[in-house]
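See below for the structure under consideration.
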Amino acid sequence: MSVQPDGHRAANRFAADDSDVIVVIGSGAGGGTLANELCQKGAKVVLLEAGQHYQPEDFINDEWASLNQLAWLDARTTSGSWRIAEEFPNLPAWTCKAVGGTTVHWAGCCPRFKEWEFRIRSEHGPTKGANLLDWPIGLSDLEPYYDKAEDRLGVTRTNGIPAPPSNNNFKVMGNGARRVGYTGVSTGRMAFNTVPRDGRPATIQDGFNYQGDKQRAHWSTLTTEIPAAEKTGRLDLRPESMVIRVEHDDSGQVTGVVYVDGRGNEQRQKARLVCVACNAIETARLLLSSASPLFPDGLANSSGQVGRNYMRHVTGAVFATFDMPVRMYRGETMAGIVTDESRNDPGRGFVGGYYMQLHSLGPSFLATFLSPRAWGRDFAQIMEQYDHMAGLWLVGEDMPQENNRVTLNRDVHDQFGQPVPNVHVDDHRNDTAMREHAYAAGESVYGAVDAMRTFRVSPYPTSHNLGTARMSARPEDGVVNEFGRAHDVPNLFVSDGSVMTSSAAANPTLTIVALALRQADYIEQQLKAGAL
Amino acid sequence: MATITAAARTMYPHDALPDDVYARVAERLAGAAREDSGAARTIEDGVSALNGGGPFAELPGDEQLATLKAIEGSDFFELVRSTAVVEVYSDLRTWRLVGYEGPSFDKGGYITRGFNDLDWLPDPEAAS
């Protein structure tokens, strides 16, 4: 590793035909963490990232300008009855295309899955229209890795890290929730520093999360895992490298990947094993795009489950106006949670649970999302109440359905000439019932602190994408085993939220990191045993 | 130019904002027209239609509203509206009007500038 005149270390470069390297595709919560773990354990890792390598000082604290900088805006299409297909037909999800992946723009909410959320088939029973399956692992398998992940991420309220202070927006939601009778009301377990830790400063409450964290108070793979991996001298990070195919030999073992580099040239990298962590839409797309005579329906897809069971959580938001100022935009965006509804109580008319989490948007996003396509004087007057507005987000378990799926749309091609992913979603009856309940609960929270007016905001593109390469005990039920290893291809791993067999109500990043840490231990052990 | 500016104001009417804010929409669409002949035609045809009953920008407010309502949902309307909602609400003057302070990193964040200054409710964390 050499140091360039500008002080940046030149990237390590492993040879394209070095078949000893591990290729990790995607540098977000799953891929970035896994790459670092493997480097720490002595492996040589080529980390391929489709996006550019920005630094926190490059981030733009302006919603639309930032979206254009960081979001994955490559062509995508949508279908199905979900409102996204009508309102945001080419933006099914709001993920990042940058080194660090979607950890670059996350707010940091870190609930763990609950024990029953791993075994939804057993808990909920057969559910019409849903494709429920228990995970092959349970909470006890993941607990040691949750502990490790919380320490790694610096999650508040764990490892002696102080709780976040109440901000203005939380004072409204928190008081409303307590008056309604909720007890699980707090500023939450959050992956941003409340005190300096791990070489990163405490938050200055600058109010920007979804636009990238200039202050570096939030954990992201960009500012933690990837620099740590680089220090080992065993990481070869290649930004602007869009993988378009995973290749295999006649025996069905993966041999490497083909990607398009920043100059538009096709490159080939050999690999001992390949770990796919491109976020659930692109992970499924890549496996499907890698179809071959040996794997005619897509790589690792003998079950037919690749791309299916796409989950994005039941979501929605409630905003409310008050006669007194709130200024919800000041401070950490999501530092507040109400956990009471995150239980399974079918008596409410649906199975599974949901959280209420603090949420705010700036005027430019709020105007777009509050009531899509609304205009006129009434709307403008609502916007003039902006500094008197509070907001919360609803996030709950959604039902995996076979036909909610990512497929290749061969009628539309991206800048690399590849078929784009189509995302099809129909709401399940359970999803709709939960959302209605959650809206009413959110309204009652704000009603309890004398809201003047409340607004139900329909789901907009979110960052949670799960389930398209799910774990299963039996190969016919899913794509990967309990360690994320493909049932069909022994040296292929999936290392992101695609492997989640259920969505639970929890924001997925903490669980993705815990699974990546567990997978890294497994890969190390398999390598040592000569089994890979 | 004046037609689109007036249409944008009718869509997102904030009386305290100067025309310059709404003129951003016309400028943005002029740029789109230069880059895309399809958009250029949509805009040209749409503007002509709005001016069919006399210059749109000079119509009384209720007639402007009725004229826009009549074309709501058309490609032209949606192009103007989707551009307007971004441009108008990304403008610093609009932010000031609605009470949004925007980027704070260079000012040290809000940690000493009121992130928790709401005083009409108690601190719910303290109550727990």
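By convention in this document, the chains of the structure tokens carry letters A, B, ... by their order, each chain's residues are numbered from 1, and ligands are numbered from 1 in the order they are shown.
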Quick one: which residues from chain B are at most 7 Å off chain A, using only C-alpha atoms, as a list in words?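 The contacting residues on chain B are Thr10, Met11, Tyr12, Pro13, His14, Val85, Val86, Tyr89, Ser90, Val98, Gly99, Tyr100, Pro103, Ser104, Phe105, Gly108, Gly109, Tyr110, Ile111, Phe115, Asn116, Asp117, Leu118, Leu121, Pro122, Asp123, Pro124 and Glu125 of chain B.
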From a DSSP calculation on the backbone, collect every residue of stretch 247-462 of chain A in helix (DSSP H, G or I) and output the set as a PyMOL selection string. chain A and resi 279-289+346-348+363-369+377-383+386-388+429-447
Between atom CA of A:Ser502 and atom CA of A:Thr462, what is the distance in Å, rounded to a tenth?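 Atom CA of A:Thr462 lies at a distance of 17.2 Å from atom CA of A:Ser502.
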Work out how far apart atom CA of B:Leu29 and atom CA of B:Ile43 are and give it in Å to one decimal.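 Atom CA of B:Ile43 lies 7.9 Å from atom CA of B:Leu29.
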Check the smallest atom-to-atom distance from each of A:Asn301, A:Thr315, A:Thr77, A:Thr321 to A:Ser458 using only C-alpha atoms, then report the winner.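 When distances to A:Ser458 are compared using only C-alpha atoms, the smallest one comes from A:Thr315.
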DSSP strand (DSSP E or B) selection over stretch 345-495 of chain A, as number ranges by chain: A: 354-358, 389-396, 405-413, 419-424, 453-457, 462, 466, 471, 480, 485-486, 492-494
Any idea what the distance is between atom CA of B:Gly52 and atom CA of B:Glu72?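 Calculated distance between atom CA of B:Gly52 and atom CA of B:Glu72 is 16.0 Å.
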